[in-house]
Amino acid sequence: MYENIQSLLSEIAAGEDSFLELKEVVFRGNQILIGDAGRAAPEIAEVFCSFANTEGGVVVFGIRKDGGVVGIPSEKRGILEQFVVNVGLNNCRPLIEPVLDWLQLPDDNQTMKLCLKVDVSKSRYYVHQTSDGRFLKRVGSHRHPIPPEQLGRLLASRNLLIPFEERPALGSGLESIDHGRVESYYQNRFKRSFFSDGLTFERLLVNLKLSVDIDNHVVPTNLGIILFTDQPERVLDGVFIDIAAYRGNVADGETADTKRIGGPVPEQILQVLRYFQVSPLIATVSRKEAMGRRDLPAYVDTALQEAVVNAVVHRDYELTGSQIIIRIFPDHIEIQNPGGLHNTLTEEAMYTGCQPIRRNQLLAGFMRDFPSPITGTSFMEARGEGFLNLVRESEALSGKRPKIERIGEAVKLTIYAATTEFE
């Protein structure tokens with residue numbers, strides 16, 4: 001917006017409007033003062049969010065409200081630039097990535113002054129809020145709260161029409177996607193290299209919805225980050241699994257072990273399953289044999305796999321600051337994932353075999369392509385009976401039906417251990 005100096009100067013002379021905000025910057029040492037004392041970052045976040053939620057706009061730093069050019073001291077250039085970037089990253093939710101452009105603009109005496117032009121694009125996929133939770137829009141030169149009925153329509157038009165998996169992962173670039181992991185996935189699924197199909201790496205990612213082309217700039221999608229990034233939690237907060245093993249049967253008791261499991265989610269699943277197999281803290285039952293007693297698993301391994309895969313596939317990745325939590329007790333295991341039951345699904349419907357509408361359909365599809373070390377097939381079958389099998393197999397072994405319940409903004413599944421010795 002305002003791509004040449006003359007058009008920008010004309011807009012500045014006309015004054016602030018729906019697309020233009022002017023900001024004089026005062027420095028006190030390395031501290032930046034804008035508007036009300038102590039509110040520099042919150043005030044600029046309000047401007048950024050209101051622009052992004054409306055039609056986009058431009059903020060020019062170094063200009064008074066009356067259009068007078070005062071400029072930015074050259075030695076403070078780096079401080080202001082870092083301030084602007086930090087506001088977009090830390091004071092806007094989801095984050096906003098403004099485009100910064102340093103310009104020389106003439107003051108009243110035709111002396112050239114250094115100014116910072118910051119472009120904020122209209123958001124195509126998100127509705128942004130300030131870090132204190134306010135949704136704002138631009139009305140003329142003012143910022144106004146978005147009324148609830150308008151907010152609902154805006155959320156519907158931007159969030160619901162584009163699934164979370166397909167939206168661009170803000171703050172990431174294609175370098176985040178692990179080339180080797182993608183190539184290995186493609187080779188295992190199609191039994192040939194994508195190069196033999198005449199695909200570039202970028203085009204492959206776009207075709208698989210692992211990236212998206214925005215104005216001729218390819219960036220990873222949230223799905224690409226979840227599946228093929230070495231540390232997805234750096235981009236999407238909470239994409240990891242916490243394990244806590246307790247000595248007693250209550251969560252506020254003494255912990256015997258804790259572990260945080262990260263990496264791409266297919267590898268997270270593998271790490272959890274390995275933990276279940278090798279940890280001495282997982283309950284076992286004894287069986288009498290001719291040579292003495294032998295310890296056997298107290299859980300059905302396919303049921304545990306189904307539970308972990310379901311948690312990964314059905315969790316709400318938009319709930320920031322929340323992760324999958326697995327709690328291990330002497331007589332049961334709890335697997336809790338962020339996000340309530342999706343759509344109109346109820347606990348009762350799950351026990352009767354209702355076919356769910358999955359929150360993350362694309363992720364579920366990819367789980368059918370990753371091999372399981374337990375079943376020898378894949379992490380997720382296409383029949384849609386995995387949860388019922390989990391219930392039947394676990395109840396047959398332990399005598400207790402697994403329990404699914406809502407815990408605030410989360411779903412918790414409890415699987416009970418077999419406790420009776422085998423004769």
# chains A, B, ... in the order shown; residues from 1 in each chain; ligands from 1

$ select_by_dssp --residues "segment 168-407 of chain A" --states "strand (DSSP E or B)" --output "ChimeraX atom specification"
/A:168,177,211-214,217-221,229,241-246,255-261,284-289,292-297,324-328,332-338,371,378,403-407

$ select_by_dssp --residues "segment 240-318 of chain A" --states "alpha helix (DSSP H)" --output "PyMOL selection string"
chain A and resi 265-278+301-314

$ write_last_selection --atoms "N, CA and C atoms" --output "CSV table (one decimal), in the first residue's frame"
chain,number,residue,atom,x,y,z
A,265,VAL,N,4.6,-35.3,15.0
A,265,VAL,CA,3.6,-36.1,15.7
A,265,VAL,C,3.7,-37.6,15.4
A,266,PRO,N,4.0,-38.1,14.2
A,266,PRO,CA,4.1,-39.5,14.1
A,266,PRO,C,5.2,-40.1,14.9
A,267,GLU,N,6.3,-39.3,15.1
A,267,GLU,CA,7.4,-39.8,15.9
A,267,GLU,C,7.1,-39.7,17.4
A,268,GLN,N,6.3,-38.7,17.7
A,268,GLN,CA,5.8,-38.6,19.1
A,268,GLN,C,5.0,-39.9,19.5
A,269,ILE,N,4.2,-40.3,18.6
A,269,ILE,CA,3.4,-41.6,18.8
A,269,ILE,C,4.3,-42.7,19.0
A,270,LEU,N,5.3,-42.9,18.2
A,270,LEU,CA,6.3,-44.0,18.3
A,270,LEU,C,7.0,-43.9,19.7
A,271,GLN,N,7.4,-42.8,20.1
A,271,GLN,CA,8.1,-42.6,21.3
A,271,GLN,C,7.3,-43.0,22.5
A,272,VAL,N,6.0,-42.6,22.5
A,272,VAL,CA,5.1,-43.0,23.6
A,272,VAL,C,4.9,-44.5,23.6
A,273,LEU,N,4.7,-45.1,22.5
A,273,LEU,CA,4.4,-46.6,22.4
A,273,LEU,C,5.7,-47.3,22.9
A,274,ARG,N,6.9,-46.8,22.6
A,274,ARG,CA,8.1,-47.4,23.1
A,274,ARG,C,8.2,-47.3,24.6
A,275,TYR,N,7.8,-46.1,25.1
A,275,TYR,CA,7.8,-45.9,26.6
A,275,TYR,C,6.8,-46.9,27.2
A,276,PHE,N,5.7,-47.1,26.7
A,276,PHE,CA,4.7,-48.1,27.3
A,276,PHE,C,5.3,-49.5,27.3
A,277,GLN,N,6.1,-49.8,26.3
A,277,GLN,CA,6.7,-51.2,26.2
A,277,GLN,C,7.8,-51.4,27.1
A,278,VAL,N,8.7,-50.4,27.4
A,278,VAL,CA,9.9,-50.6,28.1
A,278,VAL,C,9.9,-50.1,29.6
A,301,ASP,N,-2.0,-53.7,23.8
A,301,ASP,CA,-1.1,-52.8,23.2
A,301,ASP,C,-1.8,-52.0,22.0
A,302,THR,N,-2.7,-52.7,21.3
A,302,THR,CA,-3.4,-52.0,20.2
A,302,THR,C,-4.4,-51.0,20.8
A,303,ALA,N,-4.9,-51.2,22.0
A,303,ALA,CA,-5.8,-50.3,22.6
A,303,ALA,C,-5.0,-49.0,23.0
A,304,LEU,N,-3.8,-49.2,23.6
A,304,LEU,CA,-3.0,-48.1,24.0
A,304,LEU,C,-2.6,-47.3,22.7
A,305,GLN,N,-2.3,-48.0,21.6
A,305,GLN,CA,-1.9,-47.2,20.4
A,305,GLN,C,-3.1,-46.4,19.9
A,306,GLU,N,-4.3,-47.0,19.9
A,306,GLU,CA,-5.5,-46.3,19.5
A,306,GLU,C,-5.7,-45.1,20.3
A,307,ALA,N,-5.5,-45.2,21.6
A,307,ALA,CA,-5.7,-44.1,22.5
A,307,ALA,C,-4.8,-42.9,22.2
A,308,VAL,N,-3.5,-43.2,22.0
A,308,VAL,CA,-2.5,-42.2,21.7
A,308,VAL,C,-2.8,-41.6,20.4
A,309,VAL,N,-3.0,-42.4,19.4
A,309,VAL,CA,-3.3,-41.8,18.0
A,309,VAL,C,-4.5,-40.9,18.0
A,310,ASN,N,-5.6,-41.4,18.7
A,310,ASN,CA,-6.8,-40.6,18.8
A,310,ASN,C,-6.5,-39.2,19.5
A,311,ALA,N,-5.7,-39.2,20.5
A,311,ALA,CA,-5.4,-38.0,21.2
A,311,ALA,C,-4.6,-37.0,20.2
A,312,VAL,N,-3.7,-37.5,19.5
A,312,VAL,CA,-2.9,-36.7,18.5
A,312,VAL,C,-3.8,-36.2,17.4
A,313,VAL,N,-4.7,-37.0,16.9
A,313,VAL,CA,-5.5,-36.7,15.7
A,313,VAL,C,-6.7,-35.8,16.1
A,314,HIS,N,-7.2,-36.0,17.3
A,314,HIS,CA,-8.5,-35.3,17.6
A,314,HIS,C,-8.2,-34.0,18.5

$ residues_around --residues "Tyr416 of chain A" --least-positions-apart "5" --cutoff "7 Å" --atoms "only C-alpha atoms" --output "number ranges by chain"
A: 331-333, 398, 400, 402

$ residues_around --residues "segment 117-131 of chain A" --least-positions-apart "5" --cutoff "6 Å" --atoms "only C-alpha atoms" --output "list of chain:residue names"
A:Cys49, A:Ala52, A:Asn53, A:Glu55, A:Gly56, A:Gly57, A:Val58, A:Val59, A:Val60, A:Asn91, A:Cys92, A:Arg93, A:Pro94, A:Pro98, A:Val99, A:Leu100, A:Asp101, A:Arg158, A:Asn159

$ atom_distance --atom1 "atom CA of Val87 of chain A" --atom2 "atom CA of Arg39 of chain A"
11.5 Å

$ atom_distance --atom1 "atom CA of Val85 of chain A" --atom2 "atom CA of Gln31 of chain A"
15.1 Å

$ atom_distance --atom1 "atom CA of Met380 of chain A" --atom2 "atom CA of Pro338 of chain A"
19.7 Å

$ decode --residues "segment 315-329 of chain A" --atoms "N, CA and C atoms" --output "PDB file, in the first residue's frame"
ATOM      1  N   ARG A 315      -6.998 -33.789  18.932  1.00  0.00           N
ATOM      2  CA  ARG A 315      -6.761 -32.635  19.798  1.00  0.00           C
ATOM      3  C   ARG A 315      -6.990 -31.338  19.026  1.00  0.00           C
ATOM      4  N   ASP A 316      -7.281 -30.287  19.770  1.00  0.00           N
ATOM      5  CA  ASP A 316      -7.486 -28.968  19.174  1.00  0.00           C
ATOM      6  C   ASP A 316      -6.156 -28.225  19.206  1.00  0.00           C
ATOM      7  N   TYR A 317      -5.516 -28.128  18.041  1.00  0.00           N
ATOM      8  CA  TYR A 317      -4.202 -27.496  17.956  1.00  0.00           C
ATOM      9  C   TYR A 317      -4.279 -25.976  18.041  1.00  0.00           C
ATOM     10  N   GLU A 318      -5.486 -25.429  18.021  1.00  0.00           N
ATOM     11  CA  GLU A 318      -5.634 -23.983  18.163  1.00  0.00           C
ATOM     12  C   GLU A 318      -5.613 -23.542  19.616  1.00  0.00           C
ATOM     13  N   LEU A 319      -5.759 -24.480  20.547  1.00  0.00           N
ATOM     14  CA  LEU A 319      -5.682 -24.143  21.965  1.00  0.00           C
ATOM     15  C   LEU A 319      -4.221 -24.019  22.357  1.00  0.00           C
ATOM     16  N   THR A 320      -3.710 -22.810  22.333  1.00  0.00           N
ATOM     17  CA  THR A 320      -2.294 -22.596  22.630  1.00  0.00           C
ATOM     18  C   THR A 320      -2.026 -22.792  24.112  1.00  0.00           C
ATOM     19  N   GLY A 321      -0.811 -23.208  24.419  1.00  0.00           N
ATOM     20  CA  GLY A 321      -0.434 -23.404  25.809  1.00  0.00           C
ATOM     21  C   GLY A 321      -0.948 -24.691  26.411  1.00  0.00           C
ATOM     22  N   SER A 322      -1.515 -25.566  25.580  1.00  0.00           N
ATOM     23  CA  SER A 322      -2.040 -26.846  26.065  1.00  0.00           C
ATOM     24  C   SER A 322      -1.377 -27.974  25.289  1.00  0.00           C
ATOM     25  N   GLN A 323      -1.123 -29.066  25.967  1.00  0.00           N
ATOM     26  CA  GLN A 323      -0.482 -30.197  25.332  1.00  0.00           C
ATOM     27  C   GLN A 323      -1.200 -31.478  25.743  1.00  0.00           C
ATOM     28  N   ILE A 324      -0.912 -32.558  25.046  1.00  0.00           N
ATOM     29  CA  ILE A 324      -1.411 -33.872  25.451  1.00  0.00           C
ATOM     30  C   ILE A 324      -0.681 -34.285  26.716  1.00  0.00           C
ATOM     31  N   ILE A 325      -1.433 -34.792  27.688  1.00  0.00           N
ATOM     32  CA  ILE A 325      -0.855 -35.221  28.959  1.00  0.00           C
ATOM     33  C   ILE A 325      -1.218 -36.682  29.186  1.00  0.00           C
ATOM     34  N   ILE A 326      -0.217 -37.498  29.438  1.00  0.00           N
ATOM     35  CA  ILE A 326      -0.428 -38.910  29.767  1.00  0.00           C
ATOM     36  C   ILE A 326      -0.001 -39.123  31.214  1.00  0.00           C
ATOM     37  N   ARG A 327      -0.938 -39.589  32.034  1.00  0.00           N
ATOM     38  CA  ARG A 327      -0.660 -39.866  33.448  1.00  0.00           C
ATOM     39  C   ARG A 327      -0.740 -41.372  33.660  1.00  0.00           C
ATOM     40  N   ILE A 328       0.323 -41.899  34.237  1.00  0.00           N
ATOM     41  CA  ILE A 328       0.423 -43.347  34.448  1.00  0.00           C
ATOM     42  C   ILE A 328       0.341 -43.624  35.947  1.00  0.00           C
ATOM     43  N   PHE A 329      -0.599 -44.483  36.326  1.00  0.00           N
ATOM     44  CA  PHE A 329      -0.790 -44.870  37.717  1.00  0.00           C
ATOM     45  C   PHE A 329      -0.647 -46.389  37.832  1.00  0.00           C
TER      46      PHE A 329
END
